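Shown below: protein.txt, with compact mmCIF, C-alpha atoms.
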```
# COMPACT_ATOMS: atom_id res chain seq x y z
CA MET A 181 80.19 -11.68 161.34
CA ASP A 182 83.15 -11.93 163.72
CA ILE A 183 83.75 -12.55 167.42
CA LEU A 184 86.36 -10.11 168.72
CA HIS A 185 88.14 -9.96 172.09
CA ARG A 186 91.18 -8.17 173.51
CA VAL A 187 93.06 -9.23 176.63
CA GLY A 188 96.35 -8.21 178.20
CA ILE A 189 98.48 -10.97 179.68
CA LYS A 190 101.31 -9.96 182.01
CA SER A 191 103.95 -12.01 180.26
CA PRO A 192 106.39 -12.00 177.37
CA ALA A 193 104.67 -12.71 174.03
CA GLY A 194 106.78 -15.88 173.69
CA ALA A 195 105.02 -17.53 176.64
CA VAL A 196 101.60 -16.74 175.19
CA TYR A 197 102.71 -18.01 171.78
CA GLN A 198 103.83 -21.32 173.38
CA ALA A 199 100.42 -21.72 175.05
CA LEU A 200 98.77 -21.28 171.63
CA THR A 201 101.08 -23.49 169.59
CA THR A 202 101.86 -26.60 171.65
CA ARG A 203 99.57 -29.48 172.62
CA GLU A 204 100.60 -29.06 176.26
CA GLY A 205 99.86 -25.33 176.18
CA LEU A 206 96.49 -25.74 174.46
CA ALA A 207 95.49 -28.49 176.90
CA GLY A 208 96.32 -26.11 179.75
CA TRP A 209 93.70 -23.51 178.85
CA TRP A 210 91.13 -24.71 176.25
CA THR A 211 90.44 -28.44 176.54
CA ARG A 212 92.45 -31.26 178.04
CA ILE A 213 91.96 -33.47 174.95
CA VAL A 214 94.30 -32.15 172.24
CA GLN A 215 95.83 -34.27 169.48
CA GLY A 216 97.45 -33.73 166.12
CA ASP A 217 100.12 -31.60 164.52
CA THR A 218 100.47 -28.04 165.87
CA GLY A 219 102.93 -27.00 163.14
CA ALA A 220 102.08 -24.92 160.07
CA GLY A 221 99.93 -27.02 157.73
CA GLY A 222 99.05 -29.49 160.47
CA VAL A 223 95.59 -30.26 161.86
CA ILE A 224 94.90 -30.06 165.58
CA THR A 225 91.98 -32.04 167.00
CA PHE A 226 90.21 -30.70 170.08
CA ARG A 227 87.65 -32.85 171.93
CA PHE A 228 85.36 -31.62 174.70
CA GLU A 229 83.84 -33.86 177.38
CA ASN A 230 81.81 -33.13 180.48
CA SER A 231 83.11 -34.09 183.92
CA ALA A 232 81.47 -37.53 183.56
CA GLY A 233 83.39 -38.22 180.34
CA ALA A 234 80.48 -37.80 177.89
CA GLU A 235 81.52 -36.10 174.65
CA LEU A 236 80.16 -32.58 174.17
CA GLY A 237 81.71 -31.79 170.80
CA TYR A 238 84.88 -31.40 168.79
CA PHE A 239 86.78 -28.98 166.57
CA ASP A 240 89.45 -29.75 163.97
CA MET A 241 91.71 -26.80 163.18
CA LYS A 242 94.15 -26.54 160.28
CA VAL A 243 97.15 -24.42 161.24
CA VAL A 244 97.26 -21.83 158.45
CA GLU A 245 99.86 -19.41 159.75
CA LEU A 246 102.39 -19.19 162.55
CA ALA A 247 104.59 -16.14 163.12
CA ALA A 248 106.65 -16.64 166.27
CA ASP A 249 105.48 -14.41 169.13
CA LYS A 250 103.23 -12.44 166.72
CA GLN A 251 100.40 -14.43 165.09
CA VAL A 252 98.52 -17.74 165.13
CA LEU A 253 95.83 -18.48 162.52
CA TRP A 254 93.63 -21.57 162.24
CA GLN A 255 90.98 -22.59 159.68
CA VAL A 256 88.14 -24.68 161.12
CA VAL A 257 87.95 -27.87 159.02
CA GLY A 258 85.76 -30.04 161.28
CA GLY A 259 83.13 -29.48 163.95
CA PRO A 260 79.74 -27.81 164.16
CA GLU A 261 78.37 -26.60 160.83
CA GLU A 262 78.44 -22.98 162.01
CA TRP A 263 82.20 -23.21 162.65
CA VAL A 264 83.39 -25.05 159.53
CA GLY A 265 85.11 -22.58 157.20
CA THR A 266 85.57 -19.91 159.86
CA ARG A 267 89.00 -18.76 161.01
CA VAL A 268 90.39 -18.30 164.50
CA SER A 269 93.30 -15.91 164.99
CA TRP A 270 95.42 -14.44 167.70
CA GLN A 271 97.58 -11.37 167.09
CA LEU A 272 100.20 -10.81 169.79
CA ARG A 273 101.88 -7.50 170.57
CA GLN A 274 104.26 -6.76 173.43
CA GLU A 275 103.50 -3.58 175.40
CA ASP A 276 105.86 -3.15 178.34
CA ASP A 277 105.16 -6.06 180.73
CA TYR A 278 102.02 -7.17 178.86
CA CYS A 279 101.37 -9.26 175.80
CA MET A 280 98.26 -7.77 174.20
CA VAL A 281 96.16 -10.46 172.53
CA LEU A 282 93.74 -9.49 169.78
CA PHE A 283 91.48 -12.48 169.21
CA LYS A 284 89.18 -13.01 166.23
CA HIS A 285 86.82 -15.83 165.33
CA GLN A 286 85.91 -14.59 161.90
CA GLY A 287 83.67 -15.57 159.03
CA TRP A 288 80.42 -16.55 160.74
CA ARG A 289 77.62 -16.58 158.15
CA GLU A 290 75.02 -15.12 160.52
CA PRO A 291 74.72 -14.17 164.21
CA VAL A 292 72.82 -17.28 165.35
CA GLU A 293 72.30 -17.96 169.06
CA PHE A 294 75.21 -20.42 169.02
CA MET A 295 77.50 -17.51 168.03
CA HIS A 296 76.41 -15.65 171.17
CA HIS A 297 77.23 -18.75 173.24
CA CYS A 298 80.63 -19.13 171.54
CA SER A 299 81.50 -15.47 172.09
CA THR A 300 80.97 -15.87 175.83
CA LYS A 301 82.89 -19.16 175.92
CA TRP A 302 85.81 -17.66 173.98
CA ALA A 303 85.98 -14.87 176.60
CA ILE A 304 86.01 -17.49 179.36
CA PHE A 305 88.76 -19.47 177.65
CA LEU A 306 90.82 -16.34 176.98
CA MET A 307 90.72 -15.67 180.72
CA SER A 308 91.84 -19.28 181.20
CA LEU A 309 94.75 -18.60 178.82
CA LYS A 310 95.62 -15.48 180.84
CA SER A 311 95.53 -17.48 184.07
CA LEU A 312 97.65 -20.30 182.63
CA VAL A 313 100.37 -17.98 181.39
CA GLU A 314 100.39 -15.69 184.44
CA THR A 315 100.00 -18.31 187.21
CA GLY A 316 100.70 -21.70 185.63
CA GLN A 317 97.10 -22.86 186.16
CA GLY A 318 94.36 -22.49 183.52
CA ALA A 319 90.78 -23.77 183.57
CA PRO A 320 90.44 -25.91 180.42
CA SER A 321 87.33 -27.94 179.66
CA PRO A 322 85.84 -29.69 181.58
CA ASP A 323 86.97 -27.38 184.42
CA ASP A 324 85.86 -24.17 182.67
CA VAL A 325 83.08 -21.82 183.80
CA LYS A 326 79.70 -23.26 182.76
CA ILE A 327 77.18 -20.85 181.25
CA ASP A 328 74.27 -23.16 180.38
CA ASN A 329 73.18 -26.79 180.35
CA PHE A 330 74.91 -27.45 177.02
CA ASN A 331 78.34 -27.73 178.60
```
What is this file in structure tokens?
Amino acid sequence: MDILHRVGIKSPAGAVYQALTTREGLAGWWTRIVQGDTGAGGVITFRFENSAGAELGYFDMKVVELAADKQVLWQVVGGPEEWVGTRVSWQLRQEDDYCMVLFKHQGWREPVEFMHHCSTKWAIFLMSLKSLVETGQGAPSPDDVKIDNFN
């Protein structure tokens, strides 16, 4: 089972790639708390808190593959049981003024309700990525769109 999304970002692929491969970029669209090594073979730690500072969860991602301006691939090595062992990838392709992003969160064992939640949240964060790259201002956690009482 996979989560799939496609979004066009009016930008060169290099700018999108930077937002996906640097701590500063990742903190600008996904969550403000990003630590670790963003290089190939490194592990990036993402922590999520609510606006009051209470921890909501975390994800640890091993950087499996980086192809400049083309591909980013992570393996989930820490976090919720449903995520561990799954892979998160972005394929980037330049089409005129747009960088087309093909997103996959692949390898879910079954389509549990949490997968439905994560699919919606990935869409929200992909729109945050689009906003960050196009305008300079994303909406990373805890400033993201809330969809339930979990976050």
Per residue of region 233-303 of chain A within 12 Å of region 310-325 of chain A, what are the shortest atom pair and its distance in Å to one decimal, counting all atoms listed in the file, with rows by chain and residue number, as a tab-separated table?
```
residue	atom	partner	partner_atom	distance
A:Gly233	CA	A:Pro322	CA	9.0
A:Ala234	CA	A:Pro322	CA	10.4
A:Glu235	CA	A:Pro322	CA	10.4
A:Leu236	CA	A:Pro322	CA	9.8
A:Gly237	CA	A:Ser321	CA	11.2
A:Tyr238	CA	A:Ser321	CA	11.7
A:Asp277	CA	A:Glu314	CA	11.4
A:Tyr278	CA	A:Glu314	CA	10.3
A:Cys279	CA	A:Lys310	CA	9.9
A:Met280	CA	A:Lys310	CA	10.5
A:Val281	CA	A:Lys310	CA	9.7
A:Thr300	CA	A:Val325	CA	10.2
A:Lys301	CA	A:Val325	CA	8.3
A:Trp302	CA	A:Asp324	CA	10.9
A:Ala303	CA	A:Val325	CA	10.4
```
Residues near Val196 (chain A), anyone? I mean within 9 Å using all atoms listed in the file, not counting same-chain ones fewer than 2 positions away, as a PyMOL selection string. chain A and resi 189+191-194+198-201+205+249+272+279+281+309-310+313
Considering only C-alpha atoms, return as a compact mmCIF listing (two decimals) with C-alpha atoms, keeping the file's coordinate frame whatever protein or nucleic-acid residues lie within 12 Å of Gly265 (chain A), sequence-local ones (same chain, fewer than 6 positions apart) excluded.
```
# COMPACT_ATOMS: atom_id res chain seq x y z
CA PHE A 239 86.78 -28.98 166.57
CA ASP A 240 89.45 -29.75 163.97
CA MET A 241 91.71 -26.80 163.18
CA LYS A 242 94.15 -26.54 160.28
CA TRP A 254 93.63 -21.57 162.24
CA GLN A 255 90.98 -22.59 159.68
CA VAL A 256 88.14 -24.68 161.12
CA VAL A 257 87.95 -27.87 159.02
CA GLY A 258 85.76 -30.04 161.28
CA GLY A 259 83.13 -29.48 163.95
CA HIS A 285 86.82 -15.83 165.33
CA GLN A 286 85.91 -14.59 161.90
CA GLY A 287 83.67 -15.57 159.03
CA TRP A 288 80.42 -16.55 160.74
CA ARG A 289 77.62 -16.58 158.15
```
Contacts of Val243 (chain A) within 8 Å, all atoms listed in the file, excl. fewer than 2 positions in-chain, as a CSV table (one decimal) with C-alpha atoms, keeping the file's coordinate frame:
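And here is the file that came out, part_26.csv:
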```csv
chain,number,residue,atom,x,y,z
A,218,THR,CA,100.5,-28.0,165.9
A,219,GLY,CA,102.9,-27.0,163.1
A,220,ALA,CA,102.1,-24.9,160.1
A,221,GLY,CA,99.9,-27.0,157.7
A,222,GLY,CA,99.0,-29.5,160.5
A,223,VAL,CA,95.6,-30.3,161.9
A,224,ILE,CA,94.9,-30.1,165.6
A,241,MET,CA,91.7,-26.8,163.2
A,245,GLU,CA,99.9,-19.4,159.8
A,246,LEU,CA,102.4,-19.2,162.6
A,252,VAL,CA,98.5,-17.7,165.1
A,253,LEU,CA,95.8,-18.5,162.5
A,254,TRP,CA,93.6,-21.6,162.2
A,255,GLN,CA,91.0,-22.6,159.7
```
Just the number, please: distance in Å from CA of Arg212 (chain A) to CA of Arg273 (chain A), one decimal. 26.6 Å
Among listed residues A:Val268, A:Leu282, A:Ile327, A:Glu204, nearest His296 (chain A) (using all atoms listed in the file):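 Using all atoms listed in the file, His296 (chain A) sits closest to A:Ile327.
Considering the residues A:Lys250, A:Arg227, A:Arg203, A:Arg267 and counting all atoms listed in the file, Met181 (chain A) has its shortest atom-to-atom contact with A:Arg267.
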Please report the interatomic distance between CA of Met307 (chain A) and CA of Ser231 (chain A) in Å with one decimal. 20.2 Å
Mind completing region 214-241 of chain A with N, CA and C atoms? Output as a compact mmCIF listing (two decimals), keeping the file's coordinate frame, please?
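The new file part.txt reads:
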```
# COMPACT_ATOMS: atom_id res chain seq x y z
N VAL A 214 93.70 -32.80 173.41
CA VAL A 214 94.30 -32.15 172.24
C VAL A 214 95.21 -33.16 171.56
N GLN A 215 95.00 -33.36 170.25
CA GLN A 215 95.83 -34.27 169.48
C GLN A 215 96.17 -33.62 168.15
N GLY A 216 97.13 -34.18 167.46
CA GLY A 216 97.45 -33.73 166.12
C GLY A 216 98.73 -32.94 166.03
N ASP A 217 98.90 -32.31 164.88
CA ASP A 217 100.12 -31.60 164.52
C ASP A 217 99.89 -30.10 164.69
N THR A 218 100.62 -29.47 165.60
CA THR A 218 100.47 -28.04 165.87
C THR A 218 101.33 -27.16 164.97
N GLY A 219 102.09 -27.77 164.05
CA GLY A 219 102.93 -27.00 163.14
C GLY A 219 102.15 -26.46 161.96
N ALA A 220 102.73 -25.50 161.25
CA ALA A 220 102.08 -24.92 160.07
C ALA A 220 101.70 -26.02 159.09
N GLY A 221 100.45 -26.01 158.63
CA GLY A 221 99.93 -27.02 157.73
C GLY A 221 99.33 -28.22 158.43
N GLY A 222 99.59 -28.36 159.72
CA GLY A 222 99.05 -29.49 160.47
C GLY A 222 97.58 -29.28 160.85
N VAL A 223 96.97 -30.33 161.36
CA VAL A 223 95.59 -30.26 161.86
C VAL A 223 95.60 -30.66 163.32
N ILE A 224 95.02 -29.80 164.14
CA ILE A 224 94.90 -30.06 165.58
C ILE A 224 93.46 -30.47 165.86
N THR A 225 93.29 -31.54 166.63
CA THR A 225 91.98 -32.04 167.00
C THR A 225 91.73 -31.73 168.46
N PHE A 226 90.62 -31.06 168.72
CA PHE A 226 90.21 -30.70 170.08
C PHE A 226 88.90 -31.42 170.39
N ARG A 227 88.87 -32.15 171.51
CA ARG A 227 87.65 -32.85 171.93
C ARG A 227 87.23 -32.31 173.29
N PHE A 228 85.92 -32.15 173.45
CA PHE A 228 85.36 -31.62 174.70
C PHE A 228 84.47 -32.68 175.32
N GLU A 229 84.65 -32.92 176.62
CA GLU A 229 83.84 -33.86 177.38
C GLU A 229 83.36 -33.16 178.64
N ASN A 230 82.23 -33.65 179.18
CA ASN A 230 81.81 -33.13 180.48
C ASN A 230 82.59 -33.86 181.58
N SER A 231 82.34 -33.50 182.81
CA SER A 231 83.11 -34.09 183.92
C SER A 231 82.85 -35.58 184.09
N ALA A 232 81.77 -36.10 183.50
CA ALA A 232 81.47 -37.53 183.56
C ALA A 232 82.09 -38.29 182.39
N GLY A 233 82.74 -37.57 181.47
CA GLY A 233 83.39 -38.22 180.34
C GLY A 233 82.54 -38.32 179.09
N ALA A 234 81.33 -37.78 179.08
CA ALA A 234 80.48 -37.80 177.89
C ALA A 234 80.95 -36.71 176.92
N GLU A 235 81.05 -37.06 175.64
CA GLU A 235 81.52 -36.10 174.65
C GLU A 235 80.50 -34.99 174.44
N LEU A 236 81.00 -33.75 174.42
CA LEU A 236 80.16 -32.58 174.17
C LEU A 236 80.32 -32.06 172.75
N GLY A 237 81.47 -32.28 172.15
CA GLY A 237 81.71 -31.79 170.80
C GLY A 237 83.19 -31.82 170.47
N TYR A 238 83.49 -31.39 169.25
CA TYR A 238 84.88 -31.40 168.79
C TYR A 238 85.09 -30.28 167.78
N PHE A 239 86.36 -29.93 167.59
CA PHE A 239 86.78 -28.98 166.57
C PHE A 239 88.09 -29.48 165.98
N ASP A 240 88.20 -29.43 164.66
CA ASP A 240 89.45 -29.75 163.97
C ASP A 240 89.93 -28.46 163.33
N MET A 241 91.16 -28.06 163.64
CA MET A 241 91.71 -26.80 163.18
C MET A 241 92.96 -27.04 162.33
```
